[in-house]
Structures are given as C-alpha cells and as structure tokens.
>>> print(open('target-v5.cif').read())   # mmCIF, C-alpha atoms
data_run
#
loop_
_atom_site.group_PDB
_atom_site.id
_atom_site.type_symbol
_atom_site.label_atom_id
_atom_site.label_comp_id
_atom_site.auth_asym_id
_atom_site.auth_seq_id
_atom_site.Cartn_x
_atom_site.Cartn_y
_atom_site.Cartn_z
ATOM 1 C CA MET A 4 20.980 -5.591 28.168
ATOM 2 C CA LYS A 5 18.157 -4.234 30.321
ATOM 3 C CA PHE A 6 15.075 -3.131 28.361
ATOM 4 C CA GLY A 7 11.969 -1.240 29.431
ATOM 5 C CA ILE A 8 8.811 -1.394 27.317
ATOM 6 C CA LEU A 9 6.109 1.269 27.179
ATOM 7 C CA VAL A 10 2.723 0.344 25.676
ATOM 8 C CA ASN A 11 0.406 3.299 24.996
ATOM 9 C CA GLU A 12 -2.260 1.621 22.911
ATOM 10 C CA GLY A 13 -5.015 -0.863 23.695
ATOM 11 C CA PRO A 14 -5.323 -4.323 22.147
ATOM 12 C CA TYR A 15 -7.058 -4.696 18.766
ATOM 13 C CA THR A 16 -6.785 -0.950 18.084
ATOM 14 C CA HIS A 17 -4.008 -0.825 15.529
ATOM 15 C CA GLN A 18 -0.884 -2.861 16.003
ATOM 16 C CA ALA A 19 1.158 -1.356 18.834
ATOM 17 C CA SER A 20 0.173 -3.959 21.392
ATOM 18 C CA ASP A 21 1.155 -6.782 19.028
ATOM 19 C CA SER A 22 4.422 -5.070 18.099
ATOM 20 C CA ALA A 23 5.308 -4.533 21.756
ATOM 21 C CA TYR A 24 4.547 -8.167 22.535
ATOM 22 C CA GLN A 25 6.619 -9.481 19.603
ATOM 23 C CA PHE A 26 9.509 -7.173 20.476
ATOM 24 C CA THR A 27 9.429 -8.191 24.141
ATOM 25 C CA LYS A 28 9.346 -11.886 23.216
ATOM 26 C CA ALA A 29 12.234 -11.506 20.753
ATOM 27 C CA ALA A 30 14.316 -9.585 23.317
ATOM 28 C CA LEU A 31 13.753 -12.277 25.948
ATOM 29 C CA GLU A 32 14.600 -15.033 23.485
ATOM 30 C CA LYS A 33 17.873 -13.241 22.743
ATOM 31 C CA GLY A 34 18.713 -13.318 26.431
ATOM 32 C CA HIS A 35 18.013 -9.667 27.230
ATOM 33 C CA GLU A 36 16.298 -8.665 30.462
ATOM 34 C CA ILE A 37 12.891 -6.977 30.369
ATOM 35 C CA TYR A 38 12.933 -4.845 33.491
ATOM 36 C CA ARG A 39 9.294 -3.845 33.190
ATOM 37 C CA VAL A 40 6.435 -3.474 30.723
ATOM 38 C CA PHE A 41 4.507 -0.315 31.550
ATOM 39 C CA PHE A 42 0.966 0.044 30.204
ATOM 40 C CA TYR A 43 -0.136 3.656 29.962
ATOM 41 C CA ASN A 44 -3.132 5.535 28.507
ATOM 42 C CA ASP A 45 -5.297 3.121 26.449
ATOM 43 C CA GLY A 46 -2.524 0.562 26.902
ATOM 44 C CA VAL A 47 -4.064 -0.321 30.265
ATOM 45 C CA ASN A 48 -6.806 -2.162 28.341
ATOM 46 C CA ASN A 49 -4.243 -4.921 27.752
ATOM 47 C CA GLY A 50 -4.652 -5.759 31.438
ATOM 48 C CA THR A 51 -8.299 -6.812 31.768
ATOM 49 C CA ARG A 52 -8.961 -10.528 32.106
ATOM 50 C CA LEU A 53 -12.532 -10.093 30.793
ATOM 51 C CA THR A 54 -11.630 -9.943 27.095
ATOM 52 C CA VAL A 55 -13.171 -12.752 25.017
ATOM 53 C CA PRO A 56 -11.811 -12.536 21.455
ATOM 54 C CA PRO A 57 -12.913 -15.191 18.907
ATOM 55 C CA GLN A 58 -11.210 -18.520 19.614
ATOM 56 C CA ASP A 59 -9.433 -18.663 16.245
ATOM 57 C CA GLU A 60 -7.845 -15.254 16.847
ATOM 58 C CA ARG A 61 -4.794 -14.318 18.882
ATOM 59 C CA ASN A 62 -5.645 -13.390 22.451
ATOM 60 C CA ILE A 63 -3.448 -10.390 23.119
ATOM 61 C CA GLN A 64 -4.266 -10.222 26.809
ATOM 62 C CA VAL A 65 -3.555 -13.923 27.401
ATOM 63 C CA ASN A 66 -0.351 -13.630 25.345
ATOM 64 C CA TRP A 67 0.921 -10.989 27.767
ATOM 65 C CA SER A 68 -0.091 -12.980 30.839
ATOM 66 C CA GLU A 69 1.552 -16.156 29.528
ATOM 67 C CA LEU A 70 4.752 -14.363 28.539
ATOM 68 C CA GLY A 71 4.702 -12.699 31.948
ATOM 69 C CA GLU A 72 4.383 -16.005 33.725
ATOM 70 C CA LYS A 73 7.084 -17.699 31.662
ATOM 71 C CA TYR A 74 9.673 -14.974 32.187
ATOM 72 C CA LYS A 75 8.429 -13.543 35.512
ATOM 73 C CA LEU A 76 7.787 -10.155 33.904
ATOM 74 C CA ASP A 77 6.711 -7.076 35.826
ATOM 75 C CA LEU A 78 3.556 -6.029 33.927
ATOM 76 C CA VAL A 79 2.474 -2.681 35.357
ATOM 77 C CA VAL A 80 -0.740 -0.834 34.604
ATOM 78 C CA CYS A 81 -0.861 2.912 35.347
ATOM 79 C CA VAL A 82 -3.361 3.473 38.159
ATOM 80 C CA ALA A 83 -4.838 6.788 36.972
ATOM 81 C CA ALA A 84 -5.236 5.565 33.384
ATOM 82 C CA ALA A 85 -6.692 2.293 34.698
ATOM 83 C CA GLN A 86 -9.283 3.955 36.931
ATOM 84 C CA ARG A 87 -10.563 6.060 34.047
ATOM 85 C CA ARG A 88 -10.969 2.936 31.895
ATOM 86 C CA GLY A 89 -12.403 0.568 34.475
ATOM 87 C CA ILE A 90 -9.350 -1.618 35.097
ATOM 88 C CA LEU A 91 -9.417 -2.515 38.791
ATOM 89 C CA ASP A 92 -7.722 -4.966 41.117
ATOM 90 C CA GLU A 93 -9.338 -6.199 44.317
ATOM 91 C CA SER A 94 -8.133 -3.386 46.560
ATOM 92 C CA GLU A 95 -8.942 -0.657 44.008
ATOM 93 C CA ALA A 96 -12.438 -2.122 43.547
ATOM 94 C CA LYS A 97 -12.993 -2.130 47.286
ATOM 95 C CA ARG A 98 -11.623 1.384 47.692
ATOM 96 C CA HIS A 99 -13.991 2.752 45.042
ATOM 97 C CA GLY A 100 -17.036 0.721 46.088
ATOM 98 C CA LYS A 101 -17.149 -1.402 42.916
ATOM 99 C CA ASN A 102 -18.565 -4.920 43.004
ATOM 100 C CA ALA A 103 -15.921 -6.574 40.828
ATOM 101 C CA ASP A 104 -12.312 -6.407 39.712
ATOM 102 C CA ASN A 105 -10.873 -7.394 36.347
ATOM 103 C CA ILE A 106 -7.088 -7.167 36.486
ATOM 104 C CA ALA A 107 -5.514 -9.943 34.433
ATOM 105 C CA PRO A 108 -3.155 -12.588 35.877
ATOM 106 C CA GLY A 109 0.399 -11.343 36.223
ATOM 107 C CA PHE A 110 -0.527 -7.651 35.929
ATOM 108 C CA ARG A 111 -0.343 -5.192 38.793
ATOM 109 C CA ILE A 112 -1.602 -1.646 39.214
ATOM 110 C CA SER A 113 0.880 1.028 40.205
ATOM 111 C CA GLY A 114 1.823 4.633 39.566
ATOM 112 C CA LEU A 115 3.608 6.655 36.926
ATOM 113 C CA GLY A 116 6.704 6.642 39.131
ATOM 114 C CA GLN A 117 7.237 3.089 37.884
ATOM 115 C CA LEU A 118 7.671 4.428 34.353
ATOM 116 C CA ILE A 119 10.214 7.009 35.530
ATOM 117 C CA GLU A 120 12.049 4.278 37.422
ATOM 118 C CA THR A 121 12.051 2.157 34.254
ATOM 119 C CA GLY A 122 13.750 5.016 32.422
ATOM 120 C CA ILE A 123 16.366 5.334 35.145
ATOM 121 C CA GLU A 124 17.073 1.626 35.583
ATOM 122 C CA CYS A 125 17.050 0.467 31.954
ATOM 123 C CA ASP A 126 19.725 0.663 29.264
ATOM 124 C CA ARG A 127 16.971 1.177 26.679
ATOM 125 C CA VAL A 128 13.292 2.139 26.765
ATOM 126 C CA VAL A 129 11.203 1.332 23.705
ATOM 127 C CA ALA A 130 7.785 2.937 23.226
ATOM 128 C CA PHE A 131 4.904 1.465 21.260
ATOM 129 C CA GLY A 132 1.706 3.359 20.588
ATOM 130 C CA ASP A 133 -0.458 5.204 18.163
ATOM 131 C CA MET B 10 20.093 7.099 17.530
ATOM 132 C CA LEU B 11 17.384 4.737 16.316
ATOM 133 C CA HIS B 12 14.095 6.193 15.118
ATOM 134 C CA THR B 13 10.980 4.054 14.730
ATOM 135 C CA VAL B 14 8.050 5.134 12.554
ATOM 136 C CA ASN B 15 4.807 3.153 12.730
ATOM 137 C CA LYS B 16 2.397 5.107 10.522
ATOM 138 C CA SER B 17 2.120 5.272 6.751
ATOM 139 C CA PRO B 18 3.530 8.482 5.212
ATOM 140 C CA PHE B 19 0.219 8.714 3.343
ATOM 141 C CA GLU B 20 -1.658 8.916 6.652
ATOM 142 C CA LYS B 21 0.568 10.958 8.965
ATOM 143 C CA SER B 22 3.618 13.170 8.687
ATOM 144 C CA THR B 23 5.696 11.385 11.334
ATOM 145 C CA PHE B 24 8.053 9.798 8.779
ATOM 146 C CA GLU B 25 8.700 13.199 7.202
ATOM 147 C CA SER B 26 9.297 14.775 10.625
ATOM 148 C CA CYS B 27 11.619 11.927 11.502
ATOM 149 C CA LEU B 28 13.658 12.332 8.301
ATOM 150 C CA ASN B 29 13.946 16.068 8.856
ATOM 151 C CA HIS B 30 15.097 15.698 12.460
ATOM 152 C CA ALA B 31 17.358 12.666 12.201
ATOM 153 C CA ARG B 32 21.084 13.256 12.087
ATOM 154 C CA PRO B 33 23.569 11.688 9.682
ATOM 155 C CA GLY B 34 24.482 8.223 10.926
ATOM 156 C CA ASP B 35 21.090 7.659 12.565
ATOM 157 C CA ALA B 36 19.007 4.595 11.761
ATOM 158 C CA VAL B 37 15.311 4.683 10.888
ATOM 159 C CA LEU B 38 13.242 1.519 11.320
ATOM 160 C CA LEU B 39 9.832 1.417 9.636
ATOM 161 C CA ILE B 40 7.302 -0.823 11.391
ATOM 162 C CA GLU B 41 3.541 -1.483 11.186
ATOM 163 C CA ASP B 42 1.945 0.789 8.533
ATOM 164 C CA GLY B 43 5.217 2.729 8.498
ATOM 165 C CA VAL B 44 6.624 0.105 6.104
ATOM 166 C CA TYR B 45 4.704 1.750 3.244
ATOM 167 C CA GLY B 46 7.388 4.455 3.435
ATOM 168 C CA ALA B 47 9.976 1.930 2.196
ATOM 169 C CA VAL B 48 8.202 1.194 -1.097
ATOM 170 C CA LYS B 49 9.809 2.546 -4.283
ATOM 171 C CA GLY B 50 8.005 4.602 -6.884
ATOM 172 C CA THR B 51 5.531 6.276 -4.523
ATOM 173 C CA ALA B 52 4.683 9.941 -3.960
ATOM 174 C CA VAL B 53 7.142 10.086 -1.043
ATOM 175 C CA SER B 54 9.964 7.858 -2.275
ATOM 176 C CA GLY B 55 11.805 10.726 -3.965
ATOM 177 C CA GLN B 56 11.861 12.636 -0.689
ATOM 178 C CA VAL B 57 13.000 9.562 1.217
ATOM 179 C CA ALA B 58 15.775 8.849 -1.286
ATOM 180 C CA LYS B 59 17.352 12.244 -0.500
ATOM 181 C CA PHE B 60 18.173 10.969 2.994
ATOM 182 C CA ASN B 61 19.350 7.572 1.866
ATOM 183 C CA GLY B 62 23.021 7.221 2.651
ATOM 184 C CA ASP B 63 23.059 9.811 5.442
ATOM 185 C CA LEU B 64 20.491 7.689 7.261
ATOM 186 C CA LYS B 65 20.320 3.923 7.369
ATOM 187 C CA LEU B 66 16.815 2.732 6.512
ATOM 188 C CA TYR B 67 15.320 -0.505 7.814
ATOM 189 C CA ALA B 68 11.878 -2.091 7.462
ATOM 190 C CA LEU B 69 10.364 -4.828 9.602
ATOM 191 C CA GLY B 70 9.979 -8.011 7.528
ATOM 192 C CA PRO B 71 6.872 -9.469 9.199
ATOM 193 C CA ASP B 72 5.036 -6.150 8.742
ATOM 194 C CA LEU B 73 6.052 -6.010 5.054
ATOM 195 C CA ALA B 74 4.834 -9.587 4.580
ATOM 196 C CA ALA B 75 1.540 -8.854 6.366
ATOM 197 C CA ARG B 76 0.911 -6.111 3.797
ATOM 198 C CA GLY B 77 1.979 -8.118 0.761
ATOM 199 C CA ILE B 78 5.028 -5.942 0.099
ATOM 200 C CA LYS B 79 7.757 -7.965 -1.597
ATOM 201 C CA ASP B 80 11.471 -7.181 -1.213
ATOM 202 C CA ALA B 81 11.555 -6.317 -4.927
ATOM 203 C CA SER B 82 9.167 -3.390 -4.243
ATOM 204 C CA LEU B 83 11.491 -1.773 -1.736
ATOM 205 C CA MET B 84 13.621 1.278 -2.376
ATOM 206 C CA GLU B 85 17.328 0.769 -2.798
ATOM 207 C CA GLY B 86 19.237 0.885 0.467
ATOM 208 C CA VAL B 87 16.432 -0.427 2.656
ATOM 209 C CA SER B 88 17.423 -3.404 4.798
ATOM 210 C CA VAL B 89 14.795 -5.842 6.006
ATOM 211 C CA VAL B 90 15.013 -7.083 9.601
ATOM 212 C CA ASP B 91 12.889 -9.417 11.730
ATOM 213 C CA TYR B 92 11.912 -8.816 15.379
ATOM 214 C CA GLY B 93 15.298 -10.143 16.496
ATOM 215 C CA GLY B 94 16.908 -7.578 14.184
ATOM 216 C CA PHE B 95 14.674 -4.895 15.715
ATOM 217 C CA VAL B 96 16.000 -5.874 19.159
ATOM 218 C CA ASP B 97 19.578 -5.740 17.846
ATOM 219 C CA LEU B 98 19.020 -2.248 16.412
ATOM 220 C CA VAL B 99 17.700 -1.003 19.769
ATOM 221 C CA ALA B 100 20.690 -2.539 21.533
ATOM 222 C CA LYS B 101 23.140 -1.072 19.011
ATOM 223 C CA HIS B 102 21.912 2.535 19.303
ATOM 224 C CA ASP B 103 22.106 4.383 22.606
ATOM 225 C CA VAL B 104 18.614 5.909 22.306
ATOM 226 C CA SER B 105 15.378 4.814 20.625
ATOM 227 C CA GLN B 106 12.947 7.502 19.532
ATOM 228 C CA ALA B 107 9.442 6.356 18.612
ATOM 229 C CA TRP B 108 7.734 8.877 16.315
ATOM 230 C CA LEU B 109 4.208 8.300 17.633
#
>>> encode(input="target-v5.cif", output="structure tokens")
Amino acid sequence: MKFGILVNEGPYTHQASDSAYQFTKAALEKGHEIYRVFFYNDGVNNGTRLTVPPQDERNIQVNWSELGEKYKLDLVVCVAAAQRRGILDESEAKRHGKNADNIAPGFRISGLGQLIETGIECDRVVAFGD
Amino acid sequence: MLHTVNKSPFEKSTFESCLNHARPGDAVLLIEDGVYGAVKGTAVSGQVAKFNGDLKLYALGPDLAARGIKDASLMEGVSVVDYGGFVDLVAKHDVSQAWL
C-alpha cells in the first residue's frame, strides 16, 4: 500500500517526530511504499544538518537521513515554513543573500503542492504532530 | 475510520472530542501521551468505557512501556499493538484521522 507521512512537529519537542519515524520504518519493513514524507510547520526543523544532540542520545535528524538513504525516500521540507525557521538549501541561501545553507542529506525543499499531491497519490496519509 | 490520539486526556480534550465524533465500528488508537486514556480507574475511564464496544480501542505498546504502564493497568477491551500493528490498522481502515 502507498503511504504518505505528514510531520508537523520539530525534533525533541514532544514525540511526534519519533512516532512518525518509527511508523515510517515499520511500514517500510512490512513492504509498504512510502510515497513521501512531508515536513510542515515546525516539522521542517527535522531537516537541518546542524543539529548536534548528545552522542548517547538518538539523533532524530540523522535517523531520517539514514532511513531516507536506505529506502530512497522523498523527504520534503515546506519552503515557506523552512524560510521562516532558517532551513535553507544552496539555491535558497543564494537567493536570499545568506552565507550558508543547512539542509540535511536526503532532504529537499519544495512547496505545499507536494503535500496535496501526496494526498492524491497515496492510499493513506498519516499525520503526526502536536 | 481510524482515529489516533496523541495527548493525555488530563492535558487536552482531543480524546473526548474523538470519542464524541467517532462512529460505531471506528477504531481509536492511543499513542504517545494519549496512552494514559487507556488506563483503568482514572477520572476519565468511566466516560471511555461508555464507548467501549461501539468503538475498538487500541494503545501503542512501546508508548505504554515508556510510561511504565503495565497491561494489567489497562481498561477492559483495550488491545495493545506495536508499530507494525499501527501500520496494519492504518492499512485496514480507509481513512486515518489524527486528533492533533
């Protein structure tokens, strides 16, 4: 079955990011397809590569990137939410005159249309948030 | 329809809203702090019990364990599932509604 995942909460806030990750992993392990993981609102904070949590703690951001790499996931960060929160890729940084970008490996920045498309294309959409 | 509730009924009213809007035959999965709603003998358990039978109640095992809630503390009729069971519930029901 084709699943879409919506993540509305940042890492280390409550638990939504962890729940979304565990659900996504379990779905993939059961042989389902994850069409896209869409990070919206504070959820975009899952997509910065500059997080440095303590080494004996789970690294939520790296977990997403590694899962993304293993299963070739489409990890999409909402552009408007990302700009407000300082999540930039190289072209966005250049466009806004910023001297650095911070998008994490495997993530890409795109628009809300990608969430709508997820709803159209998927058999199920599961939302995680606050 | 599958409903998911992720906040404690002692913190937010989403579980109550969910119970009042769900239709007979629907499933309700309690996750994260929502699992406190599955504990018996609390201020809300009487209210929850009224819907038991019409609705199928589930609680996420890893989130119960993380909070030290043993199966023996759960209300009658609550089934415990793991993340794989969560995936199965989503697949089984045509729509998933997250009460955020």
>>> resolve_selection(input="target-v5.cif", expression="the PyMOL selection byres ((chain B) within 12 of (chain A))", output="ChimeraX atom specification")
/B:10-17,21,23,39-43,69,71-72,75,91-109
>>> resolve_selection(input="target-v5.cif", expression="the PyMOL selection byres ((chain B and resi 64-67) around 6)", output="PDB file with C-alpha atoms, in the coordinates of the input")
ATOM      1  CA  PRO B  33      23.569  11.688   9.682  1.00  0.00           C
ATOM      2  CA  GLY B  34      24.482   8.223  10.926  1.00  0.00           C
ATOM      3  CA  ASP B  35      21.090   7.659  12.565  1.00  0.00           C
ATOM      4  CA  ALA B  36      19.007   4.595  11.761  1.00  0.00           C
ATOM      5  CA  VAL B  37      15.311   4.683  10.888  1.00  0.00           C
ATOM      6  CA  LEU B  38      13.242   1.519  11.320  1.00  0.00           C
ATOM      7  CA  PHE B  60      18.173  10.969   2.994  1.00  0.00           C
ATOM      8  CA  ASN B  61      19.350   7.572   1.866  1.00  0.00           C
ATOM      9  CA  GLY B  62      23.021   7.221   2.651  1.00  0.00           C
ATOM     10  CA  ASP B  63      23.059   9.811   5.442  1.00  0.00           C
ATOM     11  CA  ALA B  68      11.878  -2.091   7.462  1.00  0.00           C
ATOM     12  CA  VAL B  87      16.432  -0.427   2.656  1.00  0.00           C
ATOM     13  CA  SER B  88      17.423  -3.404   4.798  1.00  0.00           C
ATOM     14  CA  VAL B  89      14.795  -5.842   6.006  1.00  0.00           C
TER      15      VAL B  89
END
>>> closest_residue(input="target-v5.cif", among="A:Lys101, A:Val47, A:Ser20, A:Gln58", to="Val80 in chain A", atoms="all atoms listed in the file")
A:Val47
>>> atom_distance(input="target-v5.cif", atom1="CA of Asp59 in chain A", atom2="CA of Ile106 in chain A")
23.4 Å
>>> resolve_selection(input="target-v5.cif", expression="the PyMOL selection byres ((chain A and resi 49) around 9)", output="PyMOL selection string")
chain A and resi 10+12-14+20+42+45-48+50-52+54+63-64+67+80+107
>>> atom_distance(input="target-v5.cif", atom1="CA of Leu70 in chain A", atom2="CA of Glu124 in chain A")
21.4 Å
>>> residues_around(input="target-v5.cif", residues="Glu85 in chain B", least_positions_apart="6", cutoff="9 Å", atoms="only C-alpha atoms", output="JSON, numbers by chain")
{"B": [47, 49, 58, 61]}
>>> axis_aligned_box(input="target-v5.cif", around="range 89-96 of chain A", padding_each_side="5 Å", output="AutoDock Vina command-line options")
--center_x -10.1 --center_y -2.8 --center_z 40.5 --size_x 14.7 --size_y 16.8 --size_z 22.1
>>> atom_distance(input="target-v5.cif", atom1="CA of Ala81 in chain B", atom2="CA of Phe24 in chain B")
21.4 Å
>>> residues_near_point(input="target-v5.cif", point="(3.5, -2.2, 3.2)", cutoff="6 Å", atoms="all atoms listed in the file", output="ChimeraX atom specification")
/B:44-45,73,76,78
>>> closest_residue(input="target-v5.cif", among="A:Leu115, A:Thr16, A:Phe41, A:Cys125", to="Leu76 in chain A", atoms="only C-alpha atoms")
A:Phe41
>>> closest_residue(input="target-v5.cif", among="A:Asn102, A:Tyr74, A:Ile123, A:Tyr43", to="Arg88 in chain A", atoms="only C-alpha atoms")
A:Tyr43
>>> decode(input="target-v5.cif", residues="range 12-107 of chain A", atoms="C-alpha atoms", output="short mmCIF file (atom, residue, chain, number, x, y, z; two decimals), in the first residue's frame")
data_model
loop_
_atom_site.label_atom_id
_atom_site.label_comp_id
_atom_site.auth_asym_id
_atom_site.auth_seq_id
_atom_site.Cartn_x
_atom_site.Cartn_y
_atom_site.Cartn_z
CA GLU A 12 6.39 18.94 14.84
CA GLY A 13 10.11 19.55 15.29
CA PRO A 14 12.55 17.04 16.78
CA TYR A 15 12.95 16.87 20.57
CA THR A 16 9.71 18.81 21.12
CA HIS A 17 7.34 16.09 22.23
CA GLN A 18 7.24 12.79 20.43
CA ALA A 19 5.65 13.29 17.01
CA SER A 20 8.91 13.20 15.10
CA ASP A 21 9.91 9.92 16.78
CA SER A 22 6.45 8.42 16.23
CA ALA A 23 6.50 9.39 12.55
CA TYR A 24 9.95 7.88 12.13
CA GLN A 25 9.00 4.61 13.87
CA PHE A 26 5.79 4.36 11.86
CA THR A 27 7.59 5.02 8.58
CA LYS A 28 10.25 2.42 9.41
CA ALA A 29 7.65 -0.18 10.39
CA ALA A 30 5.64 0.46 7.20
CA LEU A 31 8.74 0.04 5.04
CA GLU A 32 9.74 -3.13 6.87
CA LYS A 33 6.27 -4.53 6.15
CA GLY A 34 6.82 -3.91 2.46
CA HIS A 35 4.61 -0.84 2.08
CA GLU A 36 5.68 2.09 -0.09
CA ILE A 37 6.31 5.50 1.48
CA TYR A 38 5.46 7.88 -1.33
CA ARG A 39 6.70 10.94 0.52
CA VAL A 40 7.40 12.32 3.99
CA PHE A 41 6.29 15.95 4.11
CA PHE A 42 7.69 18.18 6.85
CA TYR A 43 5.46 21.15 7.59
CA ASN A 44 5.35 23.93 10.21
CA ASP A 45 7.92 23.20 12.97
CA GLY A 46 8.42 19.81 11.34
CA VAL A 47 10.88 21.46 8.96
CA ASN A 48 13.37 21.55 11.85
CA ASN A 49 13.88 17.82 11.25
CA GLY A 50 15.74 18.83 8.09
CA THR A 51 18.74 20.81 9.35
CA ARG A 52 22.09 19.03 9.29
CA LEU A 53 23.46 21.34 12.02
CA THR A 54 21.84 19.55 14.97
CA VAL A 55 24.35 18.14 17.47
CA PRO A 56 22.46 16.12 20.11
CA PRO A 57 24.47 14.34 22.85
CA GLN A 58 26.26 11.29 21.44
CA ASP A 59 24.45 8.82 23.71
CA GLU A 60 21.06 10.08 22.52
CA ARG A 61 19.12 9.24 19.38
CA ASN A 62 19.84 11.63 16.54
CA ILE A 63 16.43 12.23 15.03
CA GLN A 64 17.75 14.16 12.05
CA VAL A 65 20.36 11.52 11.17
CA ASN A 66 17.74 8.78 11.65
CA TRP A 67 15.61 10.39 8.94
CA SER A 68 18.55 10.88 6.58
CA GLU A 69 19.71 7.28 7.02
CA LEU A 70 16.22 5.86 6.56
CA GLY A 71 15.87 8.10 3.52
CA GLU A 72 19.08 6.84 2.02
CA LYS A 73 18.29 3.18 2.69
CA TYR A 74 14.83 3.29 1.14
CA LYS A 75 15.32 6.19 -1.31
CA LEU A 76 12.64 8.24 0.46
CA ASP A 77 11.38 11.59 -0.78
CA LEU A 78 11.89 13.80 2.31
CA VAL A 79 10.30 17.16 1.52
CA VAL A 80 10.52 20.30 3.60
CA CYS A 81 7.88 23.01 3.03
CA VAL A 82 9.63 26.06 1.58
CA ALA A 83 7.60 28.78 3.32
CA ALA A 84 7.83 27.07 6.72
CA ALA A 85 11.54 26.45 6.12
CA GLN A 86 12.34 30.07 5.24
CA ARG A 87 10.68 31.31 8.42
CA ARG A 88 12.76 28.88 10.50
CA GLY A 89 16.11 29.26 8.76
CA ILE A 90 16.21 25.96 6.86
CA LEU A 91 17.92 26.70 3.55
CA ASP A 92 19.45 24.76 0.69
CA GLU A 93 22.19 26.19 -1.52
CA SER A 94 19.91 27.89 -4.03
CA GLU A 95 17.59 29.32 -1.35
CA ALA A 96 20.61 30.66 0.56
CA LYS A 97 21.93 32.32 -2.57
CA ARG A 98 18.52 33.73 -3.49
CA HIS A 99 18.13 35.34 -0.06
CA GLY A 100 21.73 36.52 0.28
CA LYS A 101 22.60 34.18 3.17
CA ASN A 102 26.16 32.97 3.66
CA ALA A 103 25.34 29.34 4.46
CA ASP A 104 22.84 26.56 3.92
CA ASN A 105 21.88 23.79 6.32
CA ILE A 106 19.57 21.35 4.57
CA ALA A 107 20.27 17.80 5.71
#
